[in-house]
Amino acid sequence: MIPRRSFAWKPVTAVAVLVVLLLLPLSSRYDYHRDELYFRILGRHLQWGYVDQPPLVPLLSRMSIAVFGDSLWAIRVPGALLLAAMAFLTALIAREVGGAAVGQTLAASAVFGTFPLVGGHVGNTQLPDLLAWLGVLYFLLRVLLRGSERSWLGVGVVTGLALYAKLLIPLLLICLLLALLVVGPRRVLLSRWLLAGAGLAVLIGLPNILYQVFNDFPQAHMADAIAADKGTDSRIQLLPFQLILIGLALVPVWVAGFVTLVRDPRLRAARSIAVAYPIMVVLVFVTAGQPYYPIGLVLGLFAIGAVPVERWMAGRAGRRVLLGVAVGVNLVISVVFALPVLPVSQVGFIAAVNSTVADQIGWNVYVRQVAAVYTALPADEQQRAVLFTSNYGEAGALDRYGAAYRLPAVYSGHNELWNYGPPPDSRTVAIVVSQAPAAEVNATLGRCDLKAQLDNGLGIENEEPDGAIYVCRNLPAPWHTLWPGLQHYD
């Protein structure tokens, strides 16, 4: 059995503190991400699930706003703290495979990778889901390498909790199960503790599972919509993404983790974790899943790979310098591409390759443009006006900033927001923000006048490149009649 070293509390805690100190001062730069604007609305309507996601992240947004106030900084505090927790979890994984202080610290430094920093900066579902994947890998290593069958209970608890963040955890479990069946040890699948863990997962996740069942599995429909909308791009990006998820400079570390699991006889019992990775890449490709889906396994391999890298550096000053340079270069690149460190006027190239940056730009400007259209209406039309948007980002921005311009209520048929409509039938003037062609807007909402094009003034393309503002005064039917046809998932 591989000896388990003392946990490196001081250096790992230093990494966790450093990542929080990096993230929080930058939290208020640029603007909300479109998903954060959406979560802010969902957090006011707490329930066991939504058509496009489980309830955890909207709940975290609501709680943070309640504590720190309704600000951009507040909504990003949970992400920074979760990323700090990831530093400890990756270090624990390295410890399970024999990592000492250097290996554990290197494993913890995964939080400075590109994708983890994006997840820690912008409030989204990826980071809590990522923590759950790492938690499953940690407890599975304890089962496989330590013979701790009761750790199946940990797998079950983490899986049940993960269902409230994102419904991706079954993908990891399927890949691990297939890998165990292929390379073993198969005997661990016969443990009564595995059954107990599965029972715990179902029990803890039951409310969200029941929500899916009683609402016709809405997230399955969402997955189909995403695959139809982005499937081709996702397949093209899948393999390149694997190289940049943590950072190109540190690819050798997670590759070392893969190779070590396959070749080191001391880790023979844990080979299934390495085998699960190519299985997952194939499944994500076949199902047209998002190219970042395998990141949890990549981070697990990185944490494991930190241990042979630690041995490789032992007593070799030149190698330590080489690794230090790689970590430093990776950190600089990750910070520039993931975080709002550059002036917003200079992020054109970065926004072009990182849509998360692009989608944090322009919301205040867009709302001002909508407000200009509204204030130009005659007083009687303002009293009968309502805002209607084509997507939740536009709706969230108008909800967040509209009060300053005394704008009317906003509605949308996009995803969960459709369930919060329709507008009152008395609101017969619609200010419409839409990406659809003018002919489609007119066909749906009657004769509409094009008033303005959305323009962030920086030439940065995000998901609003074709956004336009219309005024529709001749709705073809009352809102309650139109509403069923305005629902759309994407």
# chains A, B, ... in the order shown; residues from 1 in each chain; ligands from 1
>>> closest_atom_pairs(of="region 194-247 of chain A", to="region 340-361 of chain A", cutoff="12 Å", atoms="only C-alpha atoms", output="Markdown table")
| residue | atom | partner | partner_atom | distance |
| --- | --- | --- | --- | --- |
| A:Gln237 | CA | A:Val353 | CA | 11.6 |
| A:Phe241 | CA | A:Val353 | CA | 11.6 |
| A:Ile244 | CA | A:Asn354 | CA | 11.5 |
| A:Leu245 | CA | A:Asn354 | CA | 11.9 |
>>> select_by_dssp(residues="region 252-288 of chain A", states="alpha helix (DSSP H)", output="PyMOL selection string")
chain A and resi 252-263+271-287
>>> write_last_selection(atoms="C-alpha atoms", output="tab-separated table (two decimals), in the first residue's frame")
chain	number	residue	atom	x	y	z
A	252	PRO	CA	2.74	17.23	-19.10
A	253	VAL	CA	1.62	17.05	-15.47
A	254	TRP	CA	-1.80	15.56	-16.13
A	255	VAL	CA	-0.36	13.34	-18.87
A	256	ALA	CA	2.09	12.08	-16.22
A	257	GLY	CA	-0.93	11.26	-14.07
A	258	PHE	CA	-2.47	9.22	-16.85
A	259	VAL	CA	0.77	7.37	-17.60
A	260	THR	CA	1.48	6.72	-13.91
A	261	LEU	CA	-1.94	5.18	-13.35
A	262	VAL	CA	-1.40	2.88	-16.32
A	263	ARG	CA	2.23	1.87	-15.62
A	271	ARG	CA	-6.09	2.24	-13.41
A	272	SER	CA	-9.80	2.62	-14.03
A	273	ILE	CA	-9.52	6.38	-13.45
A	274	ALA	CA	-7.10	6.66	-16.38
A	275	VAL	CA	-9.24	4.42	-18.59
A	276	ALA	CA	-12.34	6.46	-17.73
A	277	TYR	CA	-10.85	9.53	-19.39
A	278	PRO	CA	-10.76	8.30	-23.04
A	279	ILE	CA	-14.15	6.68	-22.49
A	280	MET	CA	-15.49	10.07	-21.44
A	281	VAL	CA	-13.94	11.88	-24.39
A	282	VAL	CA	-15.62	9.42	-26.75
A	283	LEU	CA	-19.00	9.74	-25.00
A	284	VAL	CA	-18.83	13.53	-25.03
A	285	PHE	CA	-17.98	13.46	-28.73
A	286	VAL	CA	-20.81	11.05	-29.58
A	287	THR	CA	-23.42	12.97	-27.57
>>> residues_around(residues="Leu323 (chain A)", least_positions_apart="2", cutoff="12 Å", atoms="only C-alpha atoms", output="ChimeraX atom specification")
/A:102-103,106,109,249-253,306,309-310,312-314,316-321,325-330
>>> closest_residue(among="A:Leu189, A:Val307, A:Leu59, A:Leu297", to="Val143 (chain A)", atoms="only C-alpha atoms")
A:Leu189
>>> closest_residue(among="A:Leu398, A:Ala179, A:Val336, A:Ala376", to="Ala269 (chain A)", atoms="only C-alpha atoms")
A:Ala179
>>> residues_around(residues="region 123-130 of chain A", least_positions_apart="5", cutoff="6 Å", atoms="only C-alpha atoms", output="short mmCIF file (atom, residue, chain, number, x, y, z; two decimals) with N, CA and C atoms, in the first residue's frame")
data_model
loop_
_atom_site.label_atom_id
_atom_site.label_comp_id
_atom_site.auth_asym_id
_atom_site.auth_seq_id
_atom_site.Cartn_x
_atom_site.Cartn_y
_atom_site.Cartn_z
N GLU A 36 -25.05 34.94 -14.82
CA GLU A 36 -25.22 35.53 -13.49
C GLU A 36 -26.47 36.38 -13.43
N ARG A 76 -20.27 36.97 -6.89
CA ARG A 76 -19.08 36.22 -7.24
C ARG A 76 -18.30 35.71 -6.03
N GLY A 79 -18.08 31.70 -5.80
CA GLY A 79 -17.15 31.07 -6.73
C GLY A 79 -15.73 31.11 -6.22
N ALA A 162 -24.27 16.66 -5.76
CA ALA A 162 -23.92 17.17 -7.10
C ALA A 162 -25.16 17.35 -7.98
N ALA A 165 -26.38 20.81 -8.40
CA ALA A 165 -25.54 21.78 -9.10
C ALA A 165 -25.64 21.63 -10.61
N LYS A 166 -25.54 20.39 -11.08
CA LYS A 166 -25.54 20.12 -12.52
C LYS A 166 -25.77 18.63 -12.67
N GLY A 296 -13.22 17.60 -15.02
CA GLY A 296 -13.09 16.99 -13.70
C GLY A 296 -12.08 15.86 -13.69
#
>>> closest_residue(among="A:Ala385, A:Trp133, A:Phe115, A:His480", to="Pro291 (chain A)", atoms="only C-alpha atoms")
A:Phe115
>>> residues_around(residues="His221 (chain A)", least_positions_apart="4", cutoff="9 Å", atoms="only C-alpha atoms", output="NGL selection string")
:A and (51-52 or 216-217 or 225-226 or 489)
>>> write_last_selection(atoms="N, CA, C and O atoms", output="mmCIF file, in the first residue's frame")
data_model
loop_
_atom_site.group_PDB
_atom_site.id
_atom_site.type_symbol
_atom_site.label_atom_id
_atom_site.label_comp_id
_atom_site.auth_asym_id
_atom_site.auth_seq_id
_atom_site.Cartn_x
_atom_site.Cartn_y
_atom_site.Cartn_z
ATOM 1 N N VAL A 51 -35.980 24.384 -15.619
ATOM 2 C CA VAL A 51 -35.986 23.615 -16.852
ATOM 3 C C VAL A 51 -34.586 23.403 -17.402
ATOM 4 O O VAL A 51 -34.342 22.447 -18.143
ATOM 5 N N ASP A 52 -33.640 24.273 -17.046
ATOM 6 C CA ASP A 52 -32.309 24.171 -17.628
ATOM 7 C C ASP A 52 -31.210 23.915 -16.613
ATOM 8 O O ASP A 52 -30.042 23.824 -16.996
ATOM 9 N N ASP A 216 -41.413 16.163 -17.025
ATOM 10 C CA ASP A 216 -41.076 15.597 -18.341
ATOM 11 C C ASP A 216 -39.603 15.784 -18.678
ATOM 12 O O ASP A 216 -39.248 16.068 -19.812
ATOM 13 N N PHE A 217 -38.744 15.601 -17.680
ATOM 14 C CA PHE A 217 -37.292 15.633 -17.865
ATOM 15 C C PHE A 217 -36.849 16.847 -18.698
ATOM 16 O O PHE A 217 -36.278 16.709 -19.782
ATOM 17 N N ALA A 225 -31.425 20.468 -27.085
ATOM 18 C CA ALA A 225 -31.363 21.788 -27.711
ATOM 19 C C ALA A 225 -29.927 22.270 -27.836
ATOM 20 O O ALA A 225 -29.534 22.844 -28.864
ATOM 21 N N ILE A 226 -29.117 22.042 -26.798
ATOM 22 C CA ILE A 226 -27.713 22.466 -26.831
ATOM 23 C C ILE A 226 -26.950 21.693 -27.893
ATOM 24 O O ILE A 226 -26.142 22.248 -28.642
ATOM 25 N N TYR A 489 -36.265 26.756 -25.861
ATOM 26 C CA TYR A 489 -35.124 26.273 -25.083
ATOM 27 C C TYR A 489 -33.841 26.431 -25.918
ATOM 28 O O TYR A 489 -33.809 26.059 -27.072
#
>>> residues_around(residues="Asn391 (chain A)", least_positions_apart="2", cutoff="10 Å", atoms="only C-alpha atoms", output="number ranges by chain")
A: 34, 38, 388-389, 393-396, 411-415, 417, 433-435, 463-464, 488-490
>>> closest_residue(among="A:Thr428, A:Leu177, A:Ala201, A:Ala288", to="Ala227 (chain A)", atoms="only C-alpha atoms")
A:Ala288
>>> closest_residue(among="A:Gln104, A:Val365, A:Leu168, A:Ala303", to="Arg4 (chain A)", atoms="only C-alpha atoms")
A:Gln104
>>> closest_residue(among="A:Leu167, A:Ala107, A:Leu173, A:Leu180", to="Val155 (chain A)", atoms="only C-alpha atoms")
A:Leu173
>>> atom_distance(atom1="CA of Asp264 (chain A)", atom2="CA of Leu145 (chain A)")
12.6 Å
>>> atom_distance(atom1="CA of Leu83 (chain A)", atom2="CA of Gly69 (chain A)")
21.5 Å
>>> atom_distance(atom1="CA of Tyr366 (chain A)", atom2="CA of Gly446 (chain A)")
23.6 Å
>>> residues_around(residues="region 380-383 of chain A", least_positions_apart="4", cutoff="10 Å", atoms="only C-alpha atoms", output="ChimeraX atom specification")
/A:374-376,407-408,426-431,473
